[in-house]
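Visitor: Can you read through this structure? Questions will come right after.
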Amino acid sequence: MQQIGLIGLAVMGENLALNIERNGFPIAVYNRSFEKTDALLKGRAKGLNFVGARTLADFVVALARPRRIVTMVKAGGPVDAVIDELRPLLEPGDILVDGGNSHFKDSDRRVAALDPTGIKFFGMGVSGGEEGALWGPSIMPGGDEATYRHLEPILTKIAAKSDSGPCVTYVGRKSAGHFVKMVHNGIEYGDMQLIAESYDLLRYGLGLGAAEIADVFAEWNAGDLQSFLIEITAKIVNFKDDKGGRKPLIDAIVDAAGQKGTGKWTTQAALDLGVAIPTITAAVDARIMSSQRAVRLLAAKAYPPAPKPIATGKKAAIEQIRAALYASKICSYAQGFALLAEASRSFDYGVRLGEMARIWKGGCIIRAVFLDRIRQAFARDPNLANLLLDRDFAKAVKSRVEAWRKTVQLGVKLGIALPAMSASLAYFDGFRRARTPANLIQGQRDFFGAHTYERLDREGIFHTEWSGGHDDPRSRG
């Protein structure tokens with residue numbers, strides 16, 4: 001009998017199946033189109049411990065109990081369709097794992113629907129792309145904790161490994177796995193946008209050539225910014241185009257960034273939970289604006305000129321950009337982890353924030369040495385309200401504030417948009433204010449809508465007749 005089954009043999013599913021078998025677990029596979037299954041068995045899986053099923057009934061029969069089934073199909077309707085087909089074939093105690101990028105609310109709905117049947121449903125985030133699926137991703141499973149122990153031996157083996165151990169853990173109850181993966185992707189959006197803005201400053205603010213920019217990112221990757229995204233950026237910026245006269249390929253790529261929805265979902269969830277994540281939201285907005293290329297080209301003609309690079313002080317500016325990127329990154333992660341903390345409280349997930357930083361250290365897109373500092377911060381204080389309040393991160397930010405401000409000022413001066421970097425700085429400045437101008441907003445709300453307000457000097461809820469020529473408050477509490 002096969003120890004685990006996998007449904008969906010697109011690239012991610014096929015690679016994950018090969019990863020599972022390579023690590024010692026006989027596997028059964030099924031794809032709606034048997035041609036894909038047959039091609040795998042005759043190709044990459046030839047001679048391996050695979051069983052390819054033509055029907056779902058044959059697939060289920062091939063599995064040892066409790067049956068452990070991972071689906072790697074497109075989010076939404078296709079997941080529901082597979083569940084509907086599988087449900088009459090499964091028994092209480094069988095485990096069904098959705099390894100796609102499903103919305104966390106869909107996962108909650110599926111948990112509730114399957115719970116009366118005794119079938120255990122897991123929403124499992126998988127990060128690392130095609131290569132990670134094959135050689136070791138970061139894995140984020142959420143569901144019933146006792147049932148997780150049936151998955152743990154397999155997931156521990158197939159996950160990426162870092163110096164802190166396998167990049168997998170029990171994430172939390174219900175839809176925690178897909179919520180955590182969603183926030184991971186939101187942080188990824190912020191990271192990518194911050195790096196893109198730094199590139200924009202280096203290229204058009206300082207006028208550096210592709211080779212020089214590649215050297216800058218390579219140097220950054222040897223220090224505190226070391227990460228997968230910085231590493232690949234160093235390779236991308238000076239990669240030669242074999243179809244364009246050996247010029248940098250990046251110059252031929254259309255400047256309109258795509259998105260699959262997880263960044264938007266992160267922003268929507270943050271709004272629902274009342275958590276400010278301006279850096280991540282700015283990154284989503286930047287992608288939306290990038291997609292409006294035709295309108296931007298008209299605006300470029302209507303509002304010339306393009307930015308002119310600075311002529312002197314480039315070395316100092318590079319160091320300032322580096323510092324600004326790091327400080328902005330701290331704010332972006334602080335926002336993401338604050339959202340995870342609030343979701344864990346509101347949805348009773350039981351997420352351990354330090355463990356999330358640990359399992360993201362390897363395999364996933366946002367893997368970075370930076371994550372070890374986050375893990376250490378939550379080890380010092382598991383109830384840390386915000387990463388900016390950690391002593392080490394506070395020290396790192398304070399030492400970079402001046403350079404951070406100068407970098408944002410440079411963007412403003414040259415007309416280079418820095419939405420994510422500016423949002424990070426605004427988040428920091430707003431977060432550290434003991435008193436904000438929201439008192440004025442409360443006064444305005446009370447003036448036009450009698451929404452009431454509270455006072456600093458006495459208890460109660462108050463309303464003022466602002467247009468009556470006096471400010472006598474009337475207590476409502």
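Naming scheme: A, B, ... for chains in displayed order of the structure tokens; residues 1 onward per chain; ligands 1 onward as shown.
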Set the distance at 12 Å and use only C-alpha atoms: which residues neighbour A:Arg44 once local chain neighbours fewer than 6 positions away are removed? I'd like the list as a list in words.

Guide: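 The residues that qualify are Val11, Glu14, Asn15, Ala17, Leu18, Asn19, Glu21, Arg22, Lys36, Thr37, Asp38, Phe50 and Leu134 of chain A.
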
Visitor: Would you write out those residues with C-alpha atoms, as a PDB file, in the first residue's frame?

Guide:
ATOM      1  CA  VAL A  11       4.512  21.335 -12.197  1.00  0.00           C
ATOM      2  CA  GLU A  14       4.565  16.632  -9.925  1.00  0.00           C
ATOM      3  CA  ASN A  15       7.656  18.036  -8.220  1.00  0.00           C
ATOM      4  CA  ALA A  17       5.290  13.965  -5.601  1.00  0.00           C
ATOM      5  CA  LEU A  18       8.874  13.285  -6.681  1.00  0.00           C
ATOM      6  CA  ASN A  19      10.121  14.923  -3.461  1.00  0.00           C
ATOM      7  CA  GLU A  21       8.978   9.483  -3.093  1.00  0.00           C
ATOM      8  CA  ARG A  22      12.640  10.434  -3.005  1.00  0.00           C
ATOM      9  CA  LYS A  36      -0.221  13.497 -17.446  1.00  0.00           C
ATOM     10  CA  THR A  37      -0.052  10.598 -15.007  1.00  0.00           C
ATOM     11  CA  ASP A  38       1.136   8.249 -17.737  1.00  0.00           C
ATOM     12  CA  PHE A  50       4.774   5.349  -7.785  1.00  0.00           C
ATOM     13  CA  LEU A 134      11.091  19.302  -5.675  1.00  0.00           C
TER      14      LEU A 134
END

Visitor: May I have a table of the residues of stretch 287-370 of chain A lying at most 10 Å from stretch 409-418 of chain A, giving each one's closest pair of atoms and their distance in Å to one decimal, counting only C-alpha atoms, ordered by chain and ascending residue number, as JSON lines?

Guide:
{"residue": "A:Pro305", "atom": "CA", "partner": "A:Gly415", "partner_atom": "CA", "distance": 9.3}
{"residue": "A:Ala306", "atom": "CA", "partner": "A:Gly415", "partner_atom": "CA", "distance": 7.8}
{"residue": "A:Pro307", "atom": "CA", "partner": "A:Leu414", "partner_atom": "CA", "distance": 5.3}
{"residue": "A:Lys308", "atom": "CA", "partner": "A:Leu414", "partner_atom": "CA", "distance": 6.8}
{"residue": "A:Pro309", "atom": "CA", "partner": "A:Leu414", "partner_atom": "CA", "distance": 7.7}
{"residue": "A:Ile310", "atom": "CA", "partner": "A:Leu414", "partner_atom": "CA", "distance": 8.6}
{"residue": "A:Ala317", "atom": "CA", "partner": "A:Leu410", "partner_atom": "CA", "distance": 8.9}
{"residue": "A:Ile321", "atom": "CA", "partner": "A:Leu410", "partner_atom": "CA", "distance": 9.7}

Visitor: Could you take the residues named above and write them with N, CA, C and O atoms, as a compact mmCIF listing (two decimals), in the first residue's frame?

Guide:
# COMPACT_ATOMS: atom_id res chain seq x y z
N PRO A 305 9.78 66.54 -16.93
CA PRO A 305 10.71 65.59 -17.52
C PRO A 305 10.90 64.35 -16.65
O PRO A 305 10.40 64.31 -15.52
N ALA A 306 11.62 63.38 -17.17
CA ALA A 306 11.98 62.20 -16.40
C ALA A 306 13.04 62.59 -15.37
O ALA A 306 13.72 63.61 -15.53
N PRO A 307 13.22 61.80 -14.31
CA PRO A 307 14.23 62.15 -13.29
C PRO A 307 15.63 62.18 -13.87
O PRO A 307 15.99 61.36 -14.71
N LYS A 308 16.42 63.14 -13.40
CA LYS A 308 17.83 63.24 -13.80
C LYS A 308 18.70 62.76 -12.64
O LYS A 308 18.53 63.22 -11.51
N PRO A 309 19.62 61.85 -12.89
CA PRO A 309 20.44 61.30 -11.81
C PRO A 309 21.29 62.37 -11.13
O PRO A 309 21.68 63.37 -11.74
N ILE A 310 21.56 62.14 -9.84
CA ILE A 310 22.44 63.06 -9.13
C ILE A 310 23.86 62.90 -9.66
O ILE A 310 24.25 61.83 -10.14
N ALA A 317 25.08 57.84 -1.16
CA ALA A 317 23.67 57.57 -1.44
C ALA A 317 23.38 56.07 -1.48
O ALA A 317 22.32 55.62 -1.03
N ILE A 321 20.60 54.19 0.78
CA ILE A 321 19.55 53.33 0.22
C ILE A 321 19.57 51.97 0.90
O ILE A 321 18.52 51.40 1.23

Visitor: Find the residues around A:Leu86 up to 10 Å (only C-alpha atoms counted), leave out those fewer than 4 positions away in its own chain, and share them as an MDAnalysis selection string.

Guide: chainID A and resid 56:57 59:60 69 80:82 90:91 96

Visitor: Can you tell me which residues surround A:His178 at a distance of at most 8 Å, considering only C-alpha atoms, apart from same-chain residues fewer than 6 positions away, and format the answer as a list in words?

Guide: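 Those residues are Asn101, Ser102, His103, Phe104, Ser107, Gly123, Met124, Gly125, Met140, Pro141 and Gly142 of chain A.
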
Visitor: Which residues of stretch 128-222 of chain A have any atom within 7 Å of an atom in stretch 345-364 of chain A when counting only C-alpha atoms, and what is the closest pair of atoms for each, with the distance in Å to one decimal? Order the rows by chain and rising number and write it as CSV.

Guide:
residue,atom,partner,partner_atom,distance
A:Gly128,CA,A:Cys364,CA,4.1
A:Gly132,CA,A:Gly363,CA,5.6
A:Gly136,CA,A:Gly363,CA,5.8
A:Pro137,CA,A:Gly363,CA,4.3
A:Ser138,CA,A:Gly363,CA,4.9
A:Ala160,CA,A:Gly363,CA,5.0
A:Lys161,CA,A:Gly362,CA,6.1
A:Ser162,CA,A:Gly362,CA,5.5
A:Ser164,CA,A:Arg358,CA,6.7
A:Cys167,CA,A:Ile359,CA,3.9
A:Val168,CA,A:Ile359,CA,5.5
A:Val171,CA,A:Val351,CA,5.7
A:Gly172,CA,A:Tyr349,CA,4.9
A:Arg173,CA,A:Tyr349,CA,4.7
A:Lys174,CA,A:Tyr349,CA,6.7
A:Ala176,CA,A:Tyr349,CA,5.7

Visitor: Restrict the selected residues to N, CA and C atoms and save them as a compact mmCIF listing (two decimals), in the first residue's frame.

Guide:
# COMPACT_ATOMS: atom_id res chain seq x y z
N GLY A 128 8.02 28.14 -2.10
CA GLY A 128 9.33 27.80 -2.64
C GLY A 128 9.33 27.62 -4.13
N GLY A 132 11.47 24.57 -5.00
CA GLY A 132 11.22 24.24 -3.60
C GLY A 132 10.38 22.99 -3.46
N GLY A 136 12.64 20.80 -1.48
CA GLY A 136 12.37 21.15 -0.09
C GLY A 136 11.74 22.52 0.05
N PRO A 137 10.42 22.59 0.23
CA PRO A 137 9.75 23.88 0.43
C PRO A 137 9.62 24.21 1.91
N SER A 138 9.14 25.41 2.18
CA SER A 138 8.66 25.76 3.51
C SER A 138 7.18 25.38 3.54
N ALA A 160 12.23 21.86 3.41
CA ALA A 160 13.58 22.43 3.37
C ALA A 160 14.19 22.34 4.77
N LYS A 161 15.50 22.38 4.81
CA LYS A 161 16.21 22.33 6.10
C LYS A 161 17.06 23.59 6.26
N SER A 162 17.04 24.16 7.44
CA SER A 162 17.92 25.28 7.76
C SER A 162 18.71 24.91 9.00
N SER A 164 18.15 25.79 11.75
CA SER A 164 17.20 25.72 12.86
C SER A 164 16.28 24.51 12.74
N CYS A 167 11.92 23.05 7.83
CA CYS A 167 11.10 24.26 7.66
C CYS A 167 9.62 23.90 7.57
N VAL A 168 9.14 23.26 8.62
CA VAL A 168 7.73 22.90 8.74
C VAL A 168 7.42 22.80 10.22
N VAL A 171 1.13 24.69 12.33
CA VAL A 171 0.95 26.15 12.33
C VAL A 171 -0.14 26.58 13.29
N GLY A 172 -1.26 25.83 13.30
CA GLY A 172 -2.35 26.23 14.17
C GLY A 172 -3.65 25.59 13.76
N ARG A 173 -4.72 25.93 14.46
CA ARG A 173 -6.02 25.31 14.24
C ARG A 173 -6.73 25.89 13.01
N LYS A 174 -7.71 25.12 12.54
CA LYS A 174 -8.62 25.55 11.46
C LYS A 174 -7.84 26.00 10.22
N ALA A 176 -5.47 28.14 9.83
CA ALA A 176 -4.22 28.84 10.15
C ALA A 176 -3.18 28.67 9.05

Visitor: Go ahead and compute the interatomic distance for atom CA of A:Met182 and atom CA of A:Leu201, in Å to one decimal.

Guide: 29.0 Å

Visitor: Write down as a list in words the residues of stretch 177-426 of chain A whose backbone DSSP state falls under strand (DSSP E or B).

Guide: Ser227, Lys240, Pro248 and Ala368 of chain A

Visitor: Looking at only C-alpha atoms, which of A:Pro419, A:Arg322, A:Arg87, A:Ile280 is the one that sits closest to A:His184?

Guide: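 With only C-alpha atoms as the atom set, the closest residue is A:Ile280.
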
Visitor: Return the single residue from A:Ile7, A:Ala377, A:Met421, A:Val369 that is closest to A:Ala222, with distances computed using only C-alpha atoms.

Guide: A:Val369

Visitor: When you draw a straight line from atom CA of A:Pro66 to atom CA of A:Ile95, how long is it in Å?

Guide: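 Going from atom CA of A:Pro66 over to atom CA of A:Ile95, I get 7.0 Å.
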
Visitor: So how many Å separate atom CA of A:Val408 and atom CA of A:Ala324, to one decimal?

Guide: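 Straight-line distance from atom CA of A:Val408 to atom CA of A:Ala324 works out to 8.2 Å.
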
Visitor: Can you pull out every residue within 8 Å of A:Trp404, counting only C-alpha atoms, but drop anything in the same chain fewer than 2 positions away, and send it as a PyMOL selection string?

Guide: chain A and resi 320-321+323-325+327+400-402+406-408+425

Visitor: Export, as a PDB file, in the first residue's frame, the selected residues with N, CA and C atoms.

Guide:
ATOM      1  N   GLN A 320      23.015  54.935   1.977  1.00  0.00           N
ATOM      2  CA  GLN A 320      21.747  55.403   2.537  1.00  0.00           C
ATOM      3  C   GLN A 320      20.581  54.548   2.042  1.00  0.00           C
ATOM      4  N   ILE A 321      20.602  54.187   0.778  1.00  0.00           N
ATOM      5  CA  ILE A 321      19.549  53.328   0.224  1.00  0.00           C
ATOM      6  C   ILE A 321      19.571  51.968   0.902  1.00  0.00           C
ATOM      7  N   ALA A 323      20.579  51.283   3.929  1.00  0.00           N
ATOM      8  CA  ALA A 323      20.034  51.447   5.278  1.00  0.00           C
ATOM      9  C   ALA A 323      18.521  51.612   5.232  1.00  0.00           C
ATOM     10  N   ALA A 324      18.045  52.386   4.263  1.00  0.00           N
ATOM     11  CA  ALA A 324      16.606  52.611   4.135  1.00  0.00           C
ATOM     12  C   ALA A 324      15.864  51.327   3.790  1.00  0.00           C
ATOM     13  N   LEU A 325      16.470  50.511   2.944  1.00  0.00           N
ATOM     14  CA  LEU A 325      15.859  49.235   2.582  1.00  0.00           C
ATOM     15  C   LEU A 325      15.732  48.335   3.809  1.00  0.00           C
ATOM     16  N   ALA A 327      15.667  49.212   7.060  1.00  0.00           N
ATOM     17  CA  ALA A 327      14.704  49.760   8.012  1.00  0.00           C
ATOM     18  C   ALA A 327      13.270  49.567   7.515  1.00  0.00           C
ATOM     19  N   ARG A 400      19.477  53.855  11.580  1.00  0.00           N
ATOM     20  CA  ARG A 400      19.266  54.030  10.142  1.00  0.00           C
ATOM     21  C   ARG A 400      18.258  55.114   9.796  1.00  0.00           C
ATOM     22  N   VAL A 401      17.660  55.735  10.799  1.00  0.00           N
ATOM     23  CA  VAL A 401      16.576  56.688  10.543  1.00  0.00           C
ATOM     24  C   VAL A 401      17.024  57.850   9.659  1.00  0.00           C
ATOM     25  N   GLU A 402      18.174  58.423   9.960  1.00  0.00           N
ATOM     26  CA  GLU A 402      18.632  59.579   9.179  1.00  0.00           C
ATOM     27  C   GLU A 402      18.838  59.198   7.714  1.00  0.00           C
ATOM     28  N   LYS A 406      16.758  60.539   4.354  1.00  0.00           N
ATOM     29  CA  LYS A 406      17.456  61.117   3.202  1.00  0.00           C
ATOM     30  C   LYS A 406      17.127  60.367   1.917  1.00  0.00           C
ATOM     31  N   THR A 407      16.950  59.061   2.021  1.00  0.00           N
ATOM     32  CA  THR A 407      16.615  58.269   0.846  1.00  0.00           C
ATOM     33  C   THR A 407      15.226  58.610   0.332  1.00  0.00           C
ATOM     34  N   VAL A 408      14.261  58.708   1.234  1.00  0.00           N
ATOM     35  CA  VAL A 408      12.911  59.081   0.822  1.00  0.00           C
ATOM     36  C   VAL A 408      12.907  60.503   0.259  1.00  0.00           C
ATOM     37  N   LEU A 425       8.258  54.290   6.308  1.00  0.00           N
ATOM     38  CA  LEU A 425       8.703  55.412   7.131  1.00  0.00           C
ATOM     39  C   LEU A 425       7.517  56.068   7.826  1.00  0.00           C
TER      40      LEU A 425
END

Visitor: Which of these residues is nearest to A:Ser198, using only C-alpha atoms: A:Phe34, A:Glu219, A:Asp58, A:Ser328?

Guide: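 Residue with the minimum atom-to-atom distance to A:Ser198: A:Ser328.
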